[in-house]
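K.L.:
The file below is model.cif, mmCIF, C-alpha atoms:
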data_my_file
#
loop_
_atom_site.label_atom_id
_atom_site.label_comp_id
_atom_site.auth_asym_id
_atom_site.auth_seq_id
_atom_site.Cartn_x
_atom_site.Cartn_y
_atom_site.Cartn_z
CA MET A 1 0.00 0.00 0.00
CA HIS A 2 1.48 3.28 -1.18
CA VAL A 3 1.07 6.29 1.11
CA ILE A 4 1.61 10.03 0.89
CA ALA A 5 2.10 11.52 4.33
CA ASP A 6 2.87 14.84 5.94
CA LEU A 7 4.69 14.83 9.27
CA CYS A 8 5.02 17.67 11.77
CA LEU A 9 7.00 16.57 14.83
CA ILE A 10 7.13 18.82 17.89
CA PRO A 11 9.70 18.26 20.64
CA ILE A 12 8.32 19.28 24.05
CA GLY A 13 10.31 20.34 27.06
CA VAL A 14 13.58 21.34 25.39
CA GLY A 15 13.37 24.95 24.37
CA VAL A 16 11.78 27.20 21.83
CA SER A 17 13.77 26.14 18.75
CA VAL A 18 12.84 22.90 17.05
CA SER A 19 15.07 23.00 13.96
CA ASN A 20 17.71 20.62 15.33
CA GLU A 21 15.08 17.96 15.86
CA VAL A 22 13.44 18.58 12.49
CA ALA A 23 16.85 18.34 10.79
CA ALA A 24 17.47 15.02 12.58
CA CYS A 25 14.18 13.72 11.18
CA GLU A 26 15.12 14.85 7.68
CA ARG A 27 18.27 12.76 8.00
CA VAL A 28 16.26 9.75 9.18
CA LEU A 29 13.86 10.04 6.26
CA ALA A 30 16.69 10.49 3.75
CA ALA A 31 18.56 7.51 5.20
CA ALA A 32 15.41 5.44 4.71
CA GLY A 33 15.51 6.26 1.01
CA LEU A 34 12.11 7.95 1.09
CA LYS A 35 11.07 10.74 -1.21
CA THR A 36 10.47 13.84 0.92
CA ALA A 37 9.77 17.55 0.58
CA LEU A 38 10.32 19.91 3.49
CA HIS A 39 7.90 22.83 3.88
CA ALA A 40 7.31 25.49 6.49
CA TYR A 41 5.00 23.36 8.67
CA GLY A 42 6.08 19.78 8.11
CA THR A 43 7.57 17.33 5.65
CA ASN A 44 5.85 15.48 2.81
CA ILE A 45 6.84 11.81 2.67
CA GLU A 46 6.03 9.30 -0.04
CA GLY A 47 6.59 5.56 -0.15
CA GLU A 48 5.34 2.15 0.81
CA TRP A 49 3.33 2.13 4.03
CA ASP A 50 5.68 -0.04 6.09
CA GLU A 51 8.77 1.92 5.09
CA VAL A 52 7.14 5.30 5.72
CA PHE A 53 5.87 4.32 9.16
CA ALA A 54 9.12 2.60 10.14
CA ALA A 55 10.92 5.85 9.35
CA ILE A 56 8.43 7.87 11.37
CA LYS A 57 8.97 5.56 14.34
CA ARG A 58 12.71 6.01 13.89
CA CYS A 59 12.21 9.80 13.97
CA HIS A 60 10.62 9.53 17.42
CA GLU A 61 13.39 7.21 18.61
CA VAL A 62 16.17 9.45 17.29
CA VAL A 63 14.65 12.63 18.73
CA HIS A 64 14.18 10.99 22.14
CA GLY A 65 17.81 9.86 21.81
CA MET A 66 18.79 13.54 21.51
CA GLY A 67 17.43 14.03 25.04
CA VAL A 68 13.92 15.20 24.20
CA PRO A 69 11.61 13.85 26.94
CA ARG A 70 8.33 14.28 25.11
CA ILE A 71 7.24 14.46 21.48
CA SER A 72 3.88 15.27 19.92
CA SER A 73 3.50 14.71 16.20
CA SER A 74 0.73 15.54 13.81
CA LEU A 75 0.50 13.43 10.68
CA ARG A 76 -1.72 13.46 7.63
CA PHE A 77 -1.61 10.37 5.45
CA GLY A 78 -3.54 9.32 2.41
CA THR A 79 -3.97 6.09 0.50
CA ARG A 80 -5.96 5.36 -2.63
CA ILE A 81 -6.76 2.21 -4.57
CA ASP A 82 -8.37 3.74 -7.65
CA ARG A 83 -5.09 4.81 -9.22
CA SER A 84 -1.50 5.57 -8.36
CA GLN A 85 -0.57 9.15 -7.48
CA THR A 86 2.68 10.80 -6.43
CA MET A 87 3.31 13.97 -4.40
CA ASP A 88 4.23 15.72 -7.65
CA ASP A 89 0.96 14.58 -9.24
CA LYS A 90 -1.01 16.15 -6.40
CA VAL A 91 0.67 19.53 -6.67
CA ARG A 92 0.59 19.50 -10.49
CA SER A 93 -3.11 18.67 -10.52
CA VAL A 94 -3.91 21.82 -8.56
CA GLN A 95 -1.43 23.98 -10.43
CA GLN A 96 -2.90 22.98 -13.80
CA LYS A 97 -6.27 24.24 -12.63
CA LEU A 98 -4.66 27.52 -11.65
CA GLY A 99 -2.46 27.63 -14.73
CA GLY A 100 -4.19 30.27 -16.75
CA GLU A 101 -4.30 32.65 -13.81
CA SER A 102 -1.85 35.42 -13.04
CA ARG A 103 -0.73 34.34 -9.60
CA MET B 104 7.67 2.59 23.02
CA HIS B 105 4.25 3.46 24.37
CA VAL B 106 2.14 5.85 22.33
CA ILE B 107 -1.08 7.80 22.79
CA ALA B 108 -2.67 8.62 19.45
CA ASP B 109 -5.76 10.24 18.05
CA LEU B 110 -7.04 9.08 14.67
CA CYS B 111 -9.51 10.81 12.38
CA LEU B 112 -10.02 8.81 9.18
CA ILE B 113 -11.96 10.36 6.29
CA PRO B 114 -13.25 8.23 3.43
CA ILE B 115 -13.27 10.19 0.15
CA GLY B 116 -15.46 9.54 -2.86
CA VAL B 117 -18.25 7.56 -1.23
CA GLY B 118 -20.85 9.94 0.06
CA VAL B 119 -21.47 12.39 2.80
CA SER B 120 -21.83 9.98 5.72
CA VAL B 121 -18.69 8.52 7.25
CA SER B 122 -20.09 6.64 10.23
CA ASN B 123 -20.00 3.19 8.61
CA GLU B 124 -16.30 3.56 7.98
CA VAL B 125 -15.62 4.98 11.44
CA ALA B 126 -17.54 2.08 12.99
CA ALA B 127 -15.44 -0.37 10.96
CA CYS B 128 -12.30 1.22 12.38
CA GLU B 129 -13.66 0.97 15.91
CA ARG B 130 -14.07 -2.76 15.34
CA VAL B 131 -10.52 -3.05 14.01
CA LEU B 132 -9.10 -1.22 17.04
CA ALA B 133 -11.18 -3.29 19.46
CA ALA B 134 -10.13 -6.52 17.74
CA ALA B 135 -6.52 -5.44 18.18
CA GLY B 136 -7.07 -5.26 21.93
CA LEU B 137 -6.20 -1.59 22.09
CA LYS B 138 -7.61 0.83 24.61
CA THR B 139 -9.68 3.41 22.74
CA ALA B 140 -12.07 6.29 23.34
CA LEU B 141 -14.34 7.58 20.61
CA HIS B 142 -15.04 11.32 20.51
CA ALA B 143 -16.81 13.66 18.11
CA TYR B 144 -13.76 14.23 15.88
CA GLY B 145 -11.68 11.08 16.15
CA THR B 146 -10.67 8.20 18.36
CA ASN B 147 -8.05 8.13 21.11
CA ILE B 148 -5.86 5.04 20.96
CA GLU B 149 -3.32 3.87 23.52
CA GLY B 150 -0.80 1.05 23.34
CA GLU B 151 2.60 -0.09 22.18
CA TRP B 152 3.79 1.67 19.02
CA ASP B 153 3.87 -1.36 16.74
CA GLU B 154 0.43 -2.56 17.78
CA VAL B 155 -1.15 0.87 17.44
CA PHE B 156 0.30 1.48 13.98
CA ALA B 157 -0.48 -2.03 12.77
CA ALA B 158 -4.10 -1.41 13.73
CA ILE B 159 -4.14 1.94 11.94
CA LYS B 160 -2.81 0.26 8.79
CA ARG B 161 -5.53 -2.35 9.17
CA CYS B 162 -8.13 0.45 9.37
CA HIS B 163 -7.03 1.75 5.97
CA GLU B 164 -7.05 -1.77 4.53
CA VAL B 165 -10.49 -2.57 5.90
CA VAL B 166 -12.03 0.71 4.75
CA HIS B 167 -10.58 0.28 1.25
CA GLY B 168 -12.01 -3.25 1.38
CA MET B 169 -15.45 -1.69 1.92
CA GLY B 170 -15.07 -0.09 -1.52
CA VAL B 171 -13.71 3.30 -0.49
CA PRO B 172 -11.31 4.41 -3.24
CA ARG B 173 -9.47 7.09 -1.27
CA ILE B 174 -8.79 7.77 2.40
CA SER B 175 -7.22 10.75 4.12
CA SER B 176 -6.42 10.42 7.81
CA SER B 177 -5.20 12.90 10.34
CA LEU B 178 -3.33 11.51 13.31
CA ARG B 179 -1.82 13.03 16.43
CA PHE B 180 0.56 10.81 18.38
CA GLY B 181 2.69 11.41 21.40
CA THR B 182 5.52 9.56 23.09
CA ARG B 183 7.45 10.38 26.23
CA ILE B 184 10.45 8.86 27.95
CA ASP B 185 10.40 10.84 31.19
CA ARG B 186 7.52 8.90 32.72
CA SER B 187 4.61 6.68 31.79
CA GLN B 188 1.26 8.29 31.15
CA THR B 189 -2.13 6.94 30.10
CA MET B 190 -5.02 8.61 28.28
CA ASP B 191 -6.85 8.78 31.61
CA ASP B 192 -3.84 10.45 33.22
CA LYS B 193 -3.86 13.17 30.57
CA VAL B 194 -7.53 14.01 31.04
CA ARG B 195 -7.34 13.79 34.83
CA SER B 196 -4.34 16.09 34.93
CA VAL B 197 -6.30 18.85 33.23
CA GLN B 198 -9.50 18.18 35.16
CA GLN B 199 -7.68 18.43 38.49
CA LYS B 200 -6.53 21.91 37.54
CA LEU B 201 -10.12 22.82 36.74
CA GLY B 202 -11.51 20.97 39.72
CA GLY B 203 -12.33 23.83 42.02
CA GLU B 204 -14.17 25.69 39.32
CA SER B 205 -17.89 25.73 38.70
CA ARG B 206 -17.90 24.49 35.14
CA MET C 207 -21.99 28.66 9.68
CA HIS C 208 -21.97 26.01 12.40
CA VAL C 209 -18.67 24.23 13.03
CA ILE C 210 -17.48 21.23 15.01
CA ALA C 211 -13.80 21.52 15.80
CA ASP C 212 -11.12 19.68 17.70
CA LEU C 213 -8.23 21.68 19.14
CA CYS C 214 -4.88 20.41 20.38
CA LEU C 215 -2.69 23.29 21.55
CA ILE C 216 0.97 22.65 22.35
CA PRO C 217 3.03 25.18 24.29
CA ILE C 218 6.69 25.12 23.19
CA GLY C 219 9.67 26.16 25.23
CA VAL C 220 8.22 25.94 28.71
CA GLY C 221 8.69 22.44 30.03
CA VAL C 222 7.38 18.97 29.62
CA SER C 223 3.97 19.42 31.24
CA VAL C 224 1.24 21.10 29.24
CA SER C 225 -1.76 20.67 31.53
CA ASN C 226 -1.69 24.22 32.93
CA GLU C 227 -1.96 25.64 29.44
CA VAL C 228 -4.66 23.16 28.41
CA ALA C 229 -6.63 24.01 31.56
CA ALA C 230 -6.33 27.72 30.70
CA CYS C 231 -7.81 27.00 27.28
CA GLU C 232 -10.68 25.04 28.82
CA ARG C 233 -11.48 28.13 30.88
CA VAL C 234 -11.36 30.34 27.79
CA LEU C 235 -13.72 28.04 25.90
CA ALA C 236 -16.11 27.76 28.84
CA ALA C 237 -16.10 31.53 29.30
CA ALA C 238 -17.05 31.86 25.63
CA GLY C 239 -20.13 29.77 26.30
CA LEU C 240 -19.09 27.10 23.82
CA LYS C 241 -20.03 23.45 24.12
CA THR C 242 -16.83 21.47 24.62
CA ALA C 243 -15.63 17.97 25.46
CA LEU C 244 -12.11 17.33 26.68
CA HIS C 245 -10.41 14.12 25.58
CA ALA C 246 -6.91 12.69 25.89
CA TYR C 247 -5.54 14.43 22.80
CA GLY C 248 -7.54 17.62 22.43
CA THR C 249 -10.87 19.28 23.00
CA ASN C 250 -14.02 19.07 20.89
CA ILE C 251 -15.66 22.46 20.39
CA GLU C 252 -19.04 23.18 18.84
CA GLY C 253 -20.64 26.48 17.90
CA GLU C 254 -20.95 29.23 15.36
CA TRP C 255 -17.80 29.74 13.27
CA ASP C 256 -16.97 33.26 14.47
CA GLU C 257 -17.43 32.41 18.13
CA VAL C 258 -15.40 29.21 17.90
CA PHE C 259 -12.49 30.88 16.12
CA ALA C 260 -12.56 33.96 18.36
CA ALA C 261 -12.21 31.62 21.34
CA ILE C 262 -9.33 29.75 19.70
CA LYS C 263 -7.55 33.07 19.11
CA ARG C 264 -8.16 33.95 22.74
CA CYS C 265 -6.57 30.60 23.75
CA HIS C 266 -3.36 31.57 21.96
CA GLU C 267 -3.41 35.04 23.51
CA VAL C 268 -4.02 33.73 27.02
CA VAL C 269 -1.34 31.04 26.78
CA HIS C 270 1.21 33.55 25.46
CA GLY C 271 0.13 35.77 28.37
CA MET C 272 1.17 32.95 30.73
CA GLY C 273 4.72 33.40 29.43
CA VAL C 274 4.74 30.74 26.73
CA PRO C 275 6.96 32.05 23.91
CA ARG C 276 5.74 29.72 21.17
CA ILE C 277 2.58 27.73 20.50
CA SER C 278 1.79 25.16 17.83
CA SER C 279 -1.81 24.02 17.52
CA SER C 280 -3.41 21.34 15.46
CA LEU C 281 -7.09 21.80 14.65
CA ARG C 282 -9.67 19.73 12.83
CA PHE C 283 -12.86 21.50 11.88
CA GLY C 284 -15.86 20.45 9.89
CA THR C 285 -18.84 22.24 8.37
CA ARG C 286 -21.80 20.86 6.49
CA ILE C 287 -24.70 22.42 4.66
CA ASP C 288 -26.80 19.32 3.98
CA ARG C 289 -28.13 19.06 7.52
CA SER C 290 -27.38 20.14 11.07
CA GLN C 291 -25.29 17.86 13.25
CA THR C 292 -24.00 18.13 16.81
CA MET C 293 -20.98 16.54 18.46
CA ASP C 294 -23.36 14.16 20.22
CA ASP C 295 -24.95 13.23 16.90
CA LYS C 296 -21.57 12.27 15.49
CA VAL C 297 -20.68 9.97 18.38
CA ARG C 298 -24.17 8.48 18.55
CA SER C 299 -24.18 7.73 14.84
CA VAL C 300 -21.08 5.55 15.20
CA GLN C 301 -22.20 3.97 18.45
CA GLN C 302 -25.54 2.92 16.94
CA LYS C 303 -23.68 1.03 14.26
CA LEU C 304 -21.65 -0.71 16.97
CA GLY C 305 -24.63 -1.16 19.24
CA GLY C 306 -25.34 -4.81 18.76
CA GLU C 307 -21.76 -5.78 19.35
CA SER C 308 -20.21 -6.96 22.59
CA ARG C 309 -17.50 -4.36 22.97
CA MET D 310 -0.61 38.43 16.17
CA HIS D 311 1.30 36.92 13.25
CA VAL D 312 0.54 33.30 12.40
CA ILE D 313 2.03 30.62 10.17
CA ALA D 314 -0.58 28.02 9.27
CA ASP D 315 -0.95 24.93 7.15
CA LEU D 316 -4.38 24.08 5.77
CA CYS D 317 -5.58 20.79 4.33
CA LEU D 318 -9.23 21.02 3.29
CA ILE D 319 -11.11 17.85 2.33
CA PRO D 320 -14.45 18.01 0.50
CA ILE D 321 -16.70 15.08 1.48
CA GLY D 322 -19.47 13.60 -0.59
CA VAL D 323 -18.49 14.84 -4.04
CA GLY D 324 -16.14 12.35 -5.60
CA VAL D 325 -12.61 11.12 -5.38
CA SER D 326 -10.83 14.13 -6.86
CA VAL D 327 -10.31 17.16 -4.66
CA SER D 328 -8.15 19.36 -6.88
CA ASN D 329 -10.97 21.65 -8.02
CA GLU D 330 -11.77 22.52 -4.44
CA VAL D 331 -8.10 22.95 -3.50
CA ALA D 332 -7.61 25.24 -6.51
CA ALA D 333 -10.61 27.29 -5.40
CA CYS D 334 -9.01 27.72 -1.98
CA GLU D 335 -5.72 28.80 -3.56
CA ARG D 336 -7.66 31.52 -5.37
CA VAL D 337 -9.31 32.62 -2.12
CA LEU D 338 -5.98 32.83 -0.33
CA ALA D 339 -4.34 34.71 -3.21
CA ALA D 340 -7.27 37.14 -3.39
CA ALA D 341 -6.79 37.80 0.32
CA GLY D 342 -3.22 38.89 -0.40
CA LEU D 343 -1.76 36.23 1.85
CA LYS D 344 1.63 34.65 1.33
CA THR D 345 1.09 30.95 0.58
CA ALA D 346 2.99 27.87 -0.55
CA LEU D 347 1.19 24.85 -1.94
CA HIS D 348 2.61 21.42 -1.13
CA ALA D 349 1.47 17.85 -1.66
CA TYR D 350 -0.66 17.68 1.51
CA GLY D 351 -1.81 21.22 2.16
CA THR D 352 -0.97 24.87 1.82
CA ASN D 353 1.27 27.00 4.02
CA ILE D 354 -0.28 30.37 4.83
CA GLU D 355 1.37 33.33 6.53
CA GLY D 356 -0.10 36.59 7.76
CA GLU D 357 -1.93 38.40 10.50
CA TRP D 358 -4.27 36.16 12.51
CA ASP D 359 -7.53 37.84 11.55
CA GLU D 360 -6.71 37.91 7.85
CA VAL D 361 -5.55 34.30 7.77
CA PHE D 362 -8.63 32.99 9.58
CA ALA D 363 -11.02 35.16 7.57
CA ALA D 364 -9.55 33.63 4.41
CA ILE D 365 -9.90 30.11 5.82
CA LYS D 366 -13.56 30.79 6.60
CA ARG D 367 -13.98 32.09 3.06
CA CYS D 368 -12.45 28.82 1.75
CA HIS D 369 -15.20 26.82 3.51
CA GLU D 370 -17.87 29.21 2.22
CA VAL D 371 -16.59 29.08 -1.36
CA VAL D 372 -16.23 25.29 -1.41
CA HIS D 373 -19.74 24.84 0.00
CA GLY D 374 -20.86 27.29 -2.70
CA MET D 375 -19.44 24.86 -5.28
CA GLY D 376 -22.01 22.34 -4.08
CA VAL D 377 -19.88 20.42 -1.58
CA PRO D 378 -22.20 19.34 1.25
CA ARG D 379 -19.55 18.59 3.85
CA ILE D 380 -15.98 19.72 4.49
CA SER D 381 -13.41 18.50 6.98
CA SER D 382 -10.23 20.52 7.33
CA SER D 383 -7.06 19.90 9.25
CA LEU D 384 -5.04 22.95 10.21
CA ARG D 385 -1.75 23.49 11.97
CA PHE D 386 -1.04 27.01 13.16
CA GLY D 387 1.77 28.51 15.14
CA THR D 388 2.33 31.81 16.90
CA ARG D 389 5.36 33.08 18.78
CA ILE D 390 6.06 36.18 20.82
CA ASP D 391 9.81 35.75 21.33
CA ARG D 392 10.75 36.88 17.83
CA SER D 393 9.33 37.26 14.33
CA GLN D 394 9.67 34.35 11.94
CA THR D 395 8.51 33.78 8.37
CA MET D 396 7.75 30.56 6.50
CA ASP D 397 11.04 31.00 4.64
CA ASP D 398 12.90 31.41 7.95
CA LYS D 399 11.51 28.09 9.17
CA VAL D 400 12.60 26.15 6.10
CA ARG D 401 15.99 27.89 5.94
CA SER D 402 16.69 27.17 9.59
CA VAL D 403 16.37 23.42 8.97
CA GLN D 404 18.21 23.51 5.64
CA GLN D 405 21.18 25.30 7.19
CA LYS D 406 21.54 22.47 9.67
CA LEU D 407 21.50 20.00 6.79
CA GLY D 408 23.69 22.19 4.57
CA GLY D 409 26.95 20.33 4.80
CA GLU D 410 25.32 17.04 3.96
CA SER D 411 25.12 15.42 0.54
CA ARG D 412 21.38 15.12 0.24
#
Step by step, read the file and then write its structure as structure tokens.
P.N.:
Amino acid sequence: MHVIADLCLIPIGVGVSVSNEVAACERVLAAAGLKTALHAYGTNIEGEWDEVFAAIKRCHEVVHGMGVPRISSSLRFGTRIDRSQTMDDKVRSVQQKLGGESR
Amino acid sequence: MHVIADLCLIPIGVGVSVSNEVAACERVLAAAGLKTALHAYGTNIEGEWDEVFAAIKRCHEVVHGMGVPRISSSLRFGTRIDRSQTMDDKVRSVQQKLGGESR
Amino acid sequence: MHVIADLCLIPIGVGVSVSNEVAACERVLAAAGLKTALHAYGTNIEGEWDEVFAAIKRCHEVVHGMGVPRISSSLRFGTRIDRSQTMDDKVRSVQQKLGGESR
Amino acid sequence: MHVIADLCLIPIGVGVSVSNEVAACERVLAAAGLKTALHAYGTNIEGEWDEVFAAIKRCHEVVHGMGVPRISSSLRFGTRIDRSQTMDDKVRSVQQKLGGESR
């Protein structure tokens, strides 16, 4: 089962900056060989279900290993069985509908 | 790794009611032996990471098996290594702070 | 426009416990006269759009006023124009479908 | 109060494709003069609180106006009072920490 996900991991109890922990997660996802795209409020992740969720578990483990006592993540994830679709397909599909407009 | 999660699964492309699919997920989570609590915008789930996420995967599989072509879920999930905490602990902790108030 | 929402507010940079801030939000929502239901990973809120979102803004203001430098919230919110529906309706609709089962 | 948000709006009861509705929301956000960035599972939005949330309300109104009977949105939104921060700042902060790596 293919999944497109969007992960926003929040370390709690370690200070106001979270970029070290987010960068650690980016490394975990890259090491897992997953296709990702970082944005301002999370990271898009695309791949097979088991690989995506194993990497997300590893993110929690790695961030706890950095000394973070508590983590709260928010995740969106979508699956479909009618046809295959990539992250790029999703963005392109919207952009095509906006294409003739001066944005 | 213990996890407290909150799942909101949305079937797409099948009509305006979602309660059949949500009920199917409740059955999946109960069959997995997980502690759950249904609320008006999702379901709290508590358990070991691998069991919780295996059940969530099974929810997507079962709902697709009902003929739903596309699913989008939103999930919150928290882990902590400083101490153990249950769903009941989390609610009680807030309620105690509100306890003296006439709500 | 009527809305059913689910708010999970996370204070960042102030320590590992979040129950004081969550309790403060419960007070804000109660003071706004909104129907709410606290659960282990957020709070259901029901009401008219403008009142619900004014109260959510007030939650951020009050929590910052407690000295919290940074807040990240996750919110689900649903509207429908085909019929009216309350939080209780949503839960009951699922429970009825599970009613004959020995859970 | 400045806010960085991330909106994922899901039309329910109208079919398996959601790109028309997402495109309509992009137009609403652009018309509101807000800074946005579309990604594969939502749209980053940056601006003053009242303007951002007025535009999000308008998204629900416009999508219902397209004949969608039910909408469920998931939103992340963050505020901070310790310093100002843009969407670009957030991404750059993580990328700098990954900068020396061959990704």
K.L.:
Could you give me chain D least-squares fitted onto chain C (all C-alpha atoms, paired in order), as an mmCIF file with C-alpha atoms, in the frame of the given file?
P.N.:
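The resulting file, selection.cif, is shown below:
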data_model
loop_
_atom_site.group_PDB
_atom_site.id
_atom_site.type_symbol
_atom_site.label_atom_id
_atom_site.label_comp_id
_atom_site.auth_asym_id
_atom_site.auth_seq_id
_atom_site.Cartn_x
_atom_site.Cartn_y
_atom_site.Cartn_z
ATOM 1 C CA MET D 310 -22.012 28.659 9.674
ATOM 2 C CA HIS D 311 -21.973 26.018 12.409
ATOM 3 C CA VAL D 312 -18.676 24.241 13.020
ATOM 4 C CA ILE D 313 -17.491 21.230 14.997
ATOM 5 C CA ALA D 314 -13.795 21.519 15.796
ATOM 6 C CA ASP D 315 -11.112 19.686 17.698
ATOM 7 C CA LEU D 316 -8.222 21.682 19.131
ATOM 8 C CA CYS D 317 -4.877 20.409 20.369
ATOM 9 C CA LEU D 318 -2.688 23.286 21.548
ATOM 10 C CA ILE D 319 0.982 22.647 22.341
ATOM 11 C CA PRO D 320 3.054 25.183 24.292
ATOM 12 C CA ILE D 321 6.710 25.122 23.180
ATOM 13 C CA GLY D 322 9.687 26.161 25.232
ATOM 14 C CA VAL D 323 8.224 25.944 28.727
ATOM 15 C CA GLY D 324 8.690 22.442 30.020
ATOM 16 C CA VAL D 325 7.374 18.962 29.590
ATOM 17 C CA SER D 326 3.973 19.399 31.222
ATOM 18 C CA VAL D 327 1.238 21.084 29.230
ATOM 19 C CA SER D 328 -1.758 20.660 31.528
ATOM 20 C CA ASN D 329 -1.679 24.200 32.928
ATOM 21 C CA GLU D 330 -1.958 25.628 29.450
ATOM 22 C CA VAL D 331 -4.664 23.149 28.417
ATOM 23 C CA ALA D 332 -6.636 24.008 31.567
ATOM 24 C CA ALA D 333 -6.334 27.697 30.712
ATOM 25 C CA CYS D 334 -7.802 26.990 27.279
ATOM 26 C CA GLU D 335 -10.680 25.032 28.819
ATOM 27 C CA ARG D 336 -11.471 28.119 30.887
ATOM 28 C CA VAL D 337 -11.372 30.323 27.784
ATOM 29 C CA LEU D 338 -13.721 28.027 25.900
ATOM 30 C CA ALA D 339 -16.116 27.751 28.851
ATOM 31 C CA ALA D 340 -16.107 31.535 29.307
ATOM 32 C CA ALA D 341 -17.046 31.855 25.640
ATOM 33 C CA GLY D 342 -20.140 29.751 26.314
ATOM 34 C CA LEU D 343 -19.103 27.102 23.828
ATOM 35 C CA LYS D 344 -20.036 23.454 24.115
ATOM 36 C CA THR D 345 -16.821 21.464 24.613
ATOM 37 C CA ALA D 346 -15.628 17.964 25.450
ATOM 38 C CA LEU D 347 -12.110 17.328 26.679
ATOM 39 C CA HIS D 348 -10.407 14.116 25.574
ATOM 40 C CA ALA D 349 -6.917 12.685 25.883
ATOM 41 C CA TYR D 350 -5.533 14.446 22.785
ATOM 42 C CA GLY D 351 -7.542 17.626 22.433
ATOM 43 C CA THR D 352 -10.873 19.275 23.007
ATOM 44 C CA ASN D 353 -14.015 19.066 20.891
ATOM 45 C CA ILE D 354 -15.644 22.458 20.382
ATOM 46 C CA GLU D 355 -19.031 23.194 18.845
ATOM 47 C CA GLY D 356 -20.640 26.485 17.906
ATOM 48 C CA GLU D 357 -20.955 29.242 15.369
ATOM 49 C CA TRP D 358 -17.806 29.764 13.284
ATOM 50 C CA ASP D 359 -16.984 33.267 14.475
ATOM 51 C CA GLU D 360 -17.436 32.412 18.140
ATOM 52 C CA VAL D 361 -15.399 29.221 17.918
ATOM 53 C CA PHE D 362 -12.486 30.888 16.125
ATOM 54 C CA ALA D 363 -12.560 33.958 18.369
ATOM 55 C CA ALA D 364 -12.216 31.625 21.357
ATOM 56 C CA ILE D 365 -9.334 29.761 19.708
ATOM 57 C CA LYS D 366 -7.546 33.063 19.107
ATOM 58 C CA ARG D 367 -8.158 33.954 22.744
ATOM 59 C CA CYS D 368 -6.576 30.605 23.760
ATOM 60 C CA HIS D 369 -3.342 31.576 21.956
ATOM 61 C CA GLU D 370 -3.431 35.054 23.507
ATOM 62 C CA VAL D 371 -4.028 33.726 27.022
ATOM 63 C CA VAL D 372 -1.342 31.038 26.784
ATOM 64 C CA HIS D 373 1.198 33.553 25.468
ATOM 65 C CA GLY D 374 0.121 35.774 28.375
ATOM 66 C CA MET D 375 1.169 32.950 30.722
ATOM 67 C CA GLY D 376 4.707 33.412 29.432
ATOM 68 C CA VAL D 377 4.739 30.737 26.727
ATOM 69 C CA PRO D 378 6.955 32.041 23.908
ATOM 70 C CA ARG D 379 5.752 29.716 21.171
ATOM 71 C CA ILE D 380 2.581 27.736 20.491
ATOM 72 C CA SER D 381 1.794 25.167 17.832
ATOM 73 C CA SER D 382 -1.801 24.031 17.520
ATOM 74 C CA SER D 383 -3.414 21.340 15.452
ATOM 75 C CA LEU D 384 -7.081 21.795 14.646
ATOM 76 C CA ARG D 385 -9.657 19.737 12.817
ATOM 77 C CA PHE D 386 -12.857 21.514 11.861
ATOM 78 C CA GLY D 387 -15.871 20.451 9.899
ATOM 79 C CA THR D 388 -18.825 22.246 8.365
ATOM 80 C CA ARG D 389 -21.800 20.860 6.478
ATOM 81 C CA ILE D 390 -24.699 22.440 4.645
ATOM 82 C CA ASP D 391 -26.780 19.321 3.976
ATOM 83 C CA ARG D 392 -28.131 19.062 7.515
ATOM 84 C CA SER D 393 -27.398 20.140 11.080
ATOM 85 C CA GLN D 394 -25.298 17.855 13.239
ATOM 86 C CA THR D 395 -23.998 18.125 16.797
ATOM 87 C CA MET D 396 -20.974 16.527 18.454
ATOM 88 C CA ASP D 397 -23.351 14.142 20.226
ATOM 89 C CA ASP D 398 -24.965 13.214 16.892
ATOM 90 C CA LYS D 399 -21.567 12.262 15.483
ATOM 91 C CA VAL D 400 -20.667 9.968 18.365
ATOM 92 C CA ARG D 401 -24.165 8.455 18.534
ATOM 93 C CA SER D 402 -24.181 7.726 14.819
ATOM 94 C CA VAL D 403 -21.073 5.544 15.176
ATOM 95 C CA GLN D 404 -22.205 3.944 18.439
ATOM 96 C CA GLN D 405 -25.530 2.911 16.921
ATOM 97 C CA LYS D 406 -23.668 1.017 14.231
ATOM 98 C CA LEU D 407 -21.646 -0.732 16.924
ATOM 99 C CA GLY D 408 -24.653 -1.185 19.220
ATOM 100 C CA GLY D 409 -25.313 -4.857 18.744
ATOM 101 C CA GLU D 410 -21.714 -5.755 19.399
ATOM 102 C CA SER D 411 -20.226 -6.880 22.697
ATOM 103 C CA ARG D 412 -17.597 -4.217 23.104
#
K.L.:
Translate the PyMOL selection byres ((chain B) within 10 of (chain A)), as applied to the file shown, into an explicit residue set as a PyMOL selection string.
P.N.:
chain B and resi 104+106-115+152-153+156-157+160+163-164+167-168+170-186
K.L.:
Separation of CA of Arg401 (chain D) and CA of Gln96 (chain A), in Å?
P.N.:
27.8 Å
K.L.:
Determine, counting all atoms listed in the file, which protein, DNA and RNA residues have an atom within 8 Å of an atom of region 228-245 of chain C; residues of the same chain fewer than 3 positions away are not included. Present the result as a PyMOL selection string.
P.N.:
(chain B and resi 142+147+194+197-198+200-201+206) or (chain C and resi 215+224-225+248-253+257-258+261-262+264-265+268-269)
K.L.:
For CA of Ser299 (chain C) and CA of Val119 (chain B), determine how far apart the two atoms are, in Å to one decimal place.
P.N.:
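These two atoms are separated by 13.2 Å.
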K.L.:
What separation in Å, quoted to one decimal, exists between CA of Gln394 (chain D) and CA of Lys90 (chain A)?
P.N.:
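Separation of CA of Gln394 (chain D) and CA of Lys90 (chain A): 28.0 Å.
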K.L.:
Which is closer to His208 (chain C) than all the others in C:Tyr247, C:Glu254, C:Ser223, C:Met293, using all atoms listed in the file?
P.N.:
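For His208 (chain C), the nearest of the candidates is C:Glu254.
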